[in-house]
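**Q** Structure file run_4.cif (mmCIF, C-alpha atoms) is given on the next line.
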data_final
loop_
_atom_site.group_PDB
_atom_site.id
_atom_site.type_symbol
_atom_site.label_atom_id
_atom_site.label_comp_id
_atom_site.auth_asym_id
_atom_site.auth_seq_id
_atom_site.Cartn_x
_atom_site.Cartn_y
_atom_site.Cartn_z
ATOM 1 C CA MET N 668 -195.870 156.289 -97.591
ATOM 2 C CA ARG N 669 -194.915 152.633 -97.922
ATOM 3 C CA THR N 670 -194.961 150.323 -94.942
ATOM 4 C CA CYS N 671 -193.320 147.004 -94.193
ATOM 5 C CA PRO N 672 -195.490 144.065 -95.344
ATOM 6 C CA SER N 673 -194.363 142.074 -92.310
ATOM 7 C CA CYS N 674 -194.812 144.478 -89.379
ATOM 8 C CA ASP N 675 -196.479 147.598 -90.912
ATOM 9 C CA SER N 676 -193.599 149.834 -89.787
ATOM 10 C CA GLU N 677 -192.957 153.030 -91.741
ATOM 11 C CA LYS N 678 -189.193 152.849 -91.085
ATOM 12 C CA ILE N 679 -187.996 151.396 -94.389
ATOM 13 C CA ARG N 680 -184.920 152.089 -96.501
ATOM 14 C CA ARG N 681 -183.401 150.962 -99.765
ATOM 15 C CA GLY N 682 -180.942 148.146 -99.315
ATOM 16 C CA GLY N 683 -180.809 144.479 -98.535
ATOM 17 C CA MET N 684 -178.316 141.657 -98.688
ATOM 18 C CA THR N 685 -177.790 141.891 -102.459
ATOM 19 C CA ILE N 686 -176.880 145.563 -102.281
ATOM 20 C CA TRP N 687 -174.418 144.918 -99.443
ATOM 21 C CA LEU N 688 -172.782 142.118 -101.434
ATOM 22 C CA ILE N 689 -172.323 144.541 -104.332
ATOM 23 C CA TYR N 690 -170.736 147.097 -101.971
ATOM 24 C CA ILE N 691 -168.282 144.502 -100.630
ATOM 25 C CA ALA N 692 -167.430 143.243 -104.136
ATOM 26 C CA LEU N 693 -166.781 146.792 -105.359
ATOM 27 C CA ILE N 694 -164.498 147.539 -102.428
ATOM 28 C CA GLY N 695 -162.693 144.256 -103.007
ATOM 29 C CA LEU N 696 -162.124 145.189 -106.649
ATOM 30 C CA ALA N 697 -161.264 148.849 -106.045
ATOM 31 C CA ILE N 698 -158.400 148.252 -103.631
ATOM 32 C CA PRO N 699 -156.312 146.105 -106.021
ATOM 33 C CA ALA N 700 -157.285 148.330 -108.951
ATOM 34 C CA THR N 701 -155.765 151.373 -107.292
ATOM 35 C CA LEU N 702 -152.850 149.805 -105.423
ATOM 36 C CA ILE N 703 -151.654 147.079 -107.800
ATOM 37 C CA PHE N 704 -152.772 148.244 -111.242
ATOM 38 C CA ARG N 705 -152.205 151.955 -110.419
ATOM 39 C CA LEU N 706 -155.567 153.123 -111.809
ATOM 40 C CA ASN N 707 -156.682 156.632 -110.934
ATOM 41 C CA SER N 708 -158.643 156.427 -107.689
ATOM 42 C CA ALA N 709 -161.067 159.179 -108.751
ATOM 43 C CA ILE N 710 -162.057 157.224 -111.841
ATOM 44 C CA VAL N 711 -162.430 154.014 -109.823
ATOM 45 C CA ALA N 712 -164.609 155.853 -107.268
ATOM 46 C CA GLY N 713 -166.782 157.300 -110.047
ATOM 47 C CA ILE N 714 -167.295 153.847 -111.517
ATOM 48 C CA MET N 715 -168.169 152.490 -108.079
ATOM 49 C CA ILE N 716 -170.787 155.196 -107.503
ATOM 50 C CA ALA N 717 -172.311 154.566 -110.932
ATOM 51 C CA VAL N 718 -172.516 150.815 -110.284
ATOM 52 C CA ILE N 719 -174.119 151.404 -106.874
ATOM 53 C CA VAL N 720 -176.780 153.701 -108.345
ATOM 54 C CA ILE N 721 -177.535 151.233 -111.146
ATOM 55 C CA ALA N 722 -177.715 148.344 -108.647
ATOM 56 C CA HIS N 723 -180.234 150.235 -106.516
ATOM 57 C CA LEU N 724 -182.392 150.922 -109.580
ATOM 58 C CA ILE N 725 -182.207 147.359 -110.923
ATOM 59 C CA PHE N 726 -182.697 145.374 -107.701
ATOM 60 C CA ASN N 727 -185.079 147.857 -106.024
ATOM 61 C CA GLN N 728 -184.893 146.128 -102.652
ATOM 62 C CA ARG N 729 -186.291 147.552 -99.439
ATOM 63 C CA VAL N 730 -185.452 146.639 -95.861
ATOM 64 C CA CYS N 731 -187.423 147.334 -92.690
ATOM 65 C CA LEU N 732 -185.376 148.980 -89.943
ATOM 66 C CA ASP N 733 -187.571 147.536 -87.191
ATOM 67 C CA CYS N 734 -187.935 143.841 -88.079
ATOM 68 C CA GLY N 735 -185.255 143.406 -90.776
ATOM 69 C CA HIS N 736 -187.650 142.018 -93.391
ATOM 70 C CA GLN N 737 -186.403 142.434 -97.004
ATOM 71 C CA TRP N 738 -188.560 142.634 -100.121
ATOM 72 C CA ARG N 739 -188.565 143.933 -103.671
ATOM 73 C CA GLY N 740 -190.250 147.064 -104.483
#
Translate this structure into structure tokens?

**A**
Amino acid sequence: MRTCPSCDSEKIRRGGMTIWLIYIALIGLAIPATLIFRLNSAIVAGIMIAVIVIAHLIFNQRVCLDCGHQWRG
């Protein structure tokens, strides 16, 4: 199992600041898309899930739950 390079903790998860920025941007785009442009919310949600999965695969960031250190890989 992988450990944190900073504190050697085994409590790590996928994530990081870049992933959270993508989440916030997607929410900010989805609300007007469904309310103003009247797009189907199920299709918008499916696109959001696909973008989130692709972002996790491309950026491949990890974050330590104990010390908060973020790194690639």

**Q** Do you know which residues the PyMOL selection byres ((chain N and resi 673) around 8) returns on this file, as a VMD selection string?

**A** chain N and resid 671 to 672 674 to 675 734 736

**Q** Evaluating the PyMOL selection byres ((chain N and resi 669) around 12) on the displayed file yields which residues, as a PyMOL selection string?

**A** chain N and resi 668+670-681+729-731+740

**Q** Quick one, how far is CA of Met715 in chain N from CA of Arg739 in chain N?

**A**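 Rounded to one decimal, the two atoms are 22.6 Å apart.
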
**Q** Taking only C-alpha atoms into account, which of N:Ile686, N:Ile725, N:Leu693, N:Leu732 comes nearest Gly713 in chain N?

**A**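 For Gly713 in chain N, the nearest of the candidates is N:Leu693.
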
**Q** Convert the output of the PyMOL selection byres ((chain N and resi 684) around 10) on the shown file into explicit residues, formatted as a list of chain:residue names.

**A**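 So the PyMOL selection byres ((chain N and resi 684) around 10) ends up selecting N:Gly682, N:Gly683, N:Thr685, N:Ile686, N:Trp687, N:Leu688, N:Ile689, N:Tyr690, N:Gln728, N:Arg729, N:Val730, N:Gln737.
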
**Q** Calculated over only C-alpha atoms, which of the candidates N:Val718, N:His723, N:Ala709, N:Gly735 has the smallest distance to Ala692 in chain N?

**A** N:Val718

**Q** Take CA of Phe704 in chain N and CA of Ile691 in chain N and report the distance between them in Å, one decimal.

**A** 19.2 Å

**Q** CA of Ile710 in chain N and CA of Gly695 in chain N are how many Å apart?

**A**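 Distance between the two atoms: 15.7 Å.
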
**Q** Padding 5 Å on each side, edges along x, y and z: where is the centre of the box around the listed atoms of range 670-680 of chain N, and how long are its edges in Å to one decimal? Output it as lines of an AutoDock Vina configuration file.

**A**
center_x = -190.7
center_y = 147.6
center_z = -92.9
size_x = 21.6
size_y = 21.0
size_z = 17.1

**Q** Kindly reconstruct range 722-738 of chain N with N, CA and C atoms and present the result as a PDB file, in the coordinates of the input.

**A**
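Saved the output as rebuild-v7.pdb:
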ATOM      1  N   ALA N 722    -177.279 149.509-109.429  1.00  0.00           N
ATOM      2  CA  ALA N 722    -177.715 148.344-108.647  1.00  0.00           C
ATOM      3  C   ALA N 722    -178.970 148.663-107.848  1.00  0.00           C
ATOM      4  N   HIS N 723    -179.035 149.859-107.264  1.00  0.00           N
ATOM      5  CA  HIS N 723    -180.234 150.235-106.516  1.00  0.00           C
ATOM      6  C   HIS N 723    -181.449 150.322-107.435  1.00  0.00           C
ATOM      7  N   LEU N 724    -181.270 150.808-108.651  1.00  0.00           N
ATOM      8  CA  LEU N 724    -182.392 150.922-109.580  1.00  0.00           C
ATOM      9  C   LEU N 724    -182.818 149.559-110.117  1.00  0.00           C
ATOM     10  N   ILE N 725    -181.868 148.672-110.357  1.00  0.00           N
ATOM     11  CA  ILE N 725    -182.207 147.359-110.923  1.00  0.00           C
ATOM     12  C   ILE N 725    -182.843 146.447-109.876  1.00  0.00           C
ATOM     13  N   PHE N 726    -182.209 146.324-108.701  1.00  0.00           N
ATOM     14  CA  PHE N 726    -182.697 145.374-107.701  1.00  0.00           C
ATOM     15  C   PHE N 726    -183.886 145.914-106.925  1.00  0.00           C
ATOM     16  N   ASN N 727    -183.947 147.204-106.669  1.00  0.00           N
ATOM     17  CA  ASN N 727    -185.079 147.857-106.024  1.00  0.00           C
ATOM     18  C   ASN N 727    -185.515 147.122-104.758  1.00  0.00           C
ATOM     19  N   GLN N 728    -184.576 146.812-103.891  1.00  0.00           N
ATOM     20  CA  GLN N 728    -184.893 146.128-102.652  1.00  0.00           C
ATOM     21  C   GLN N 728    -185.125 147.128-101.534  1.00  0.00           C
ATOM     22  N   ARG N 729    -186.007 146.751-100.630  1.00  0.00           N
ATOM     23  CA  ARG N 729    -186.291 147.552 -99.439  1.00  0.00           C
ATOM     24  C   ARG N 729    -186.027 146.686 -98.211  1.00  0.00           C
ATOM     25  N   VAL N 730    -185.681 147.343 -97.123  1.00  0.00           N
ATOM     26  CA  VAL N 730    -185.452 146.639 -95.861  1.00  0.00           C
ATOM     27  C   VAL N 730    -186.122 147.430 -94.741  1.00  0.00           C
ATOM     28  N   CYS N 731    -186.772 146.708 -93.837  1.00  0.00           N
ATOM     29  CA  CYS N 731    -187.423 147.334 -92.690  1.00  0.00           C
ATOM     30  C   CYS N 731    -186.388 147.513 -91.586  1.00  0.00           C
ATOM     31  N   LEU N 732    -186.339 148.705 -91.004  1.00  0.00           N
ATOM     32  CA  LEU N 732    -185.376 148.980 -89.943  1.00  0.00           C
ATOM     33  C   LEU N 732    -185.814 148.411 -88.604  1.00  0.00           C
ATOM     34  N   ASP N 733    -187.083 148.084 -88.460  1.00  0.00           N
ATOM     35  CA  ASP N 733    -187.571 147.536 -87.191  1.00  0.00           C
ATOM     36  C   ASP N 733    -187.439 146.015 -87.125  1.00  0.00           C
ATOM     37  N   CYS N 734    -187.933 145.311 -88.146  1.00  0.00           N
ATOM     38  CA  CYS N 734    -187.935 143.841 -88.079  1.00  0.00           C
ATOM     39  C   CYS N 734    -186.885 143.198 -88.983  1.00  0.00           C
ATOM     40  N   GLY N 735    -186.285 143.952 -89.907  1.00  0.00           N
ATOM     41  CA  GLY N 735    -185.255 143.406 -90.776  1.00  0.00           C
ATOM     42  C   GLY N 735    -185.762 142.682 -92.010  1.00  0.00           C
ATOM     43  N   HIS N 736    -187.064 142.696 -92.241  1.00  0.00           N
ATOM     44  CA  HIS N 736    -187.650 142.018 -93.391  1.00  0.00           C
ATOM     45  C   HIS N 736    -187.175 142.713 -94.689  1.00  0.00           C
ATOM     46  N   GLN N 737    -186.860 141.902 -95.715  1.00  0.00           N
ATOM     47  CA  GLN N 737    -186.403 142.434 -97.004  1.00  0.00           C
ATOM     48  C   GLN N 737    -187.383 142.015 -98.088  1.00  0.00           C
ATOM     49  N   TRP N 738    -187.664 142.933 -99.010  1.00  0.00           N
ATOM     50  CA  TRP N 738    -188.560 142.634-100.121  1.00  0.00           C
ATOM     51  C   TRP N 738    -188.233 143.523-101.296  1.00  0.00           C
TER      52      TRP N 738
END
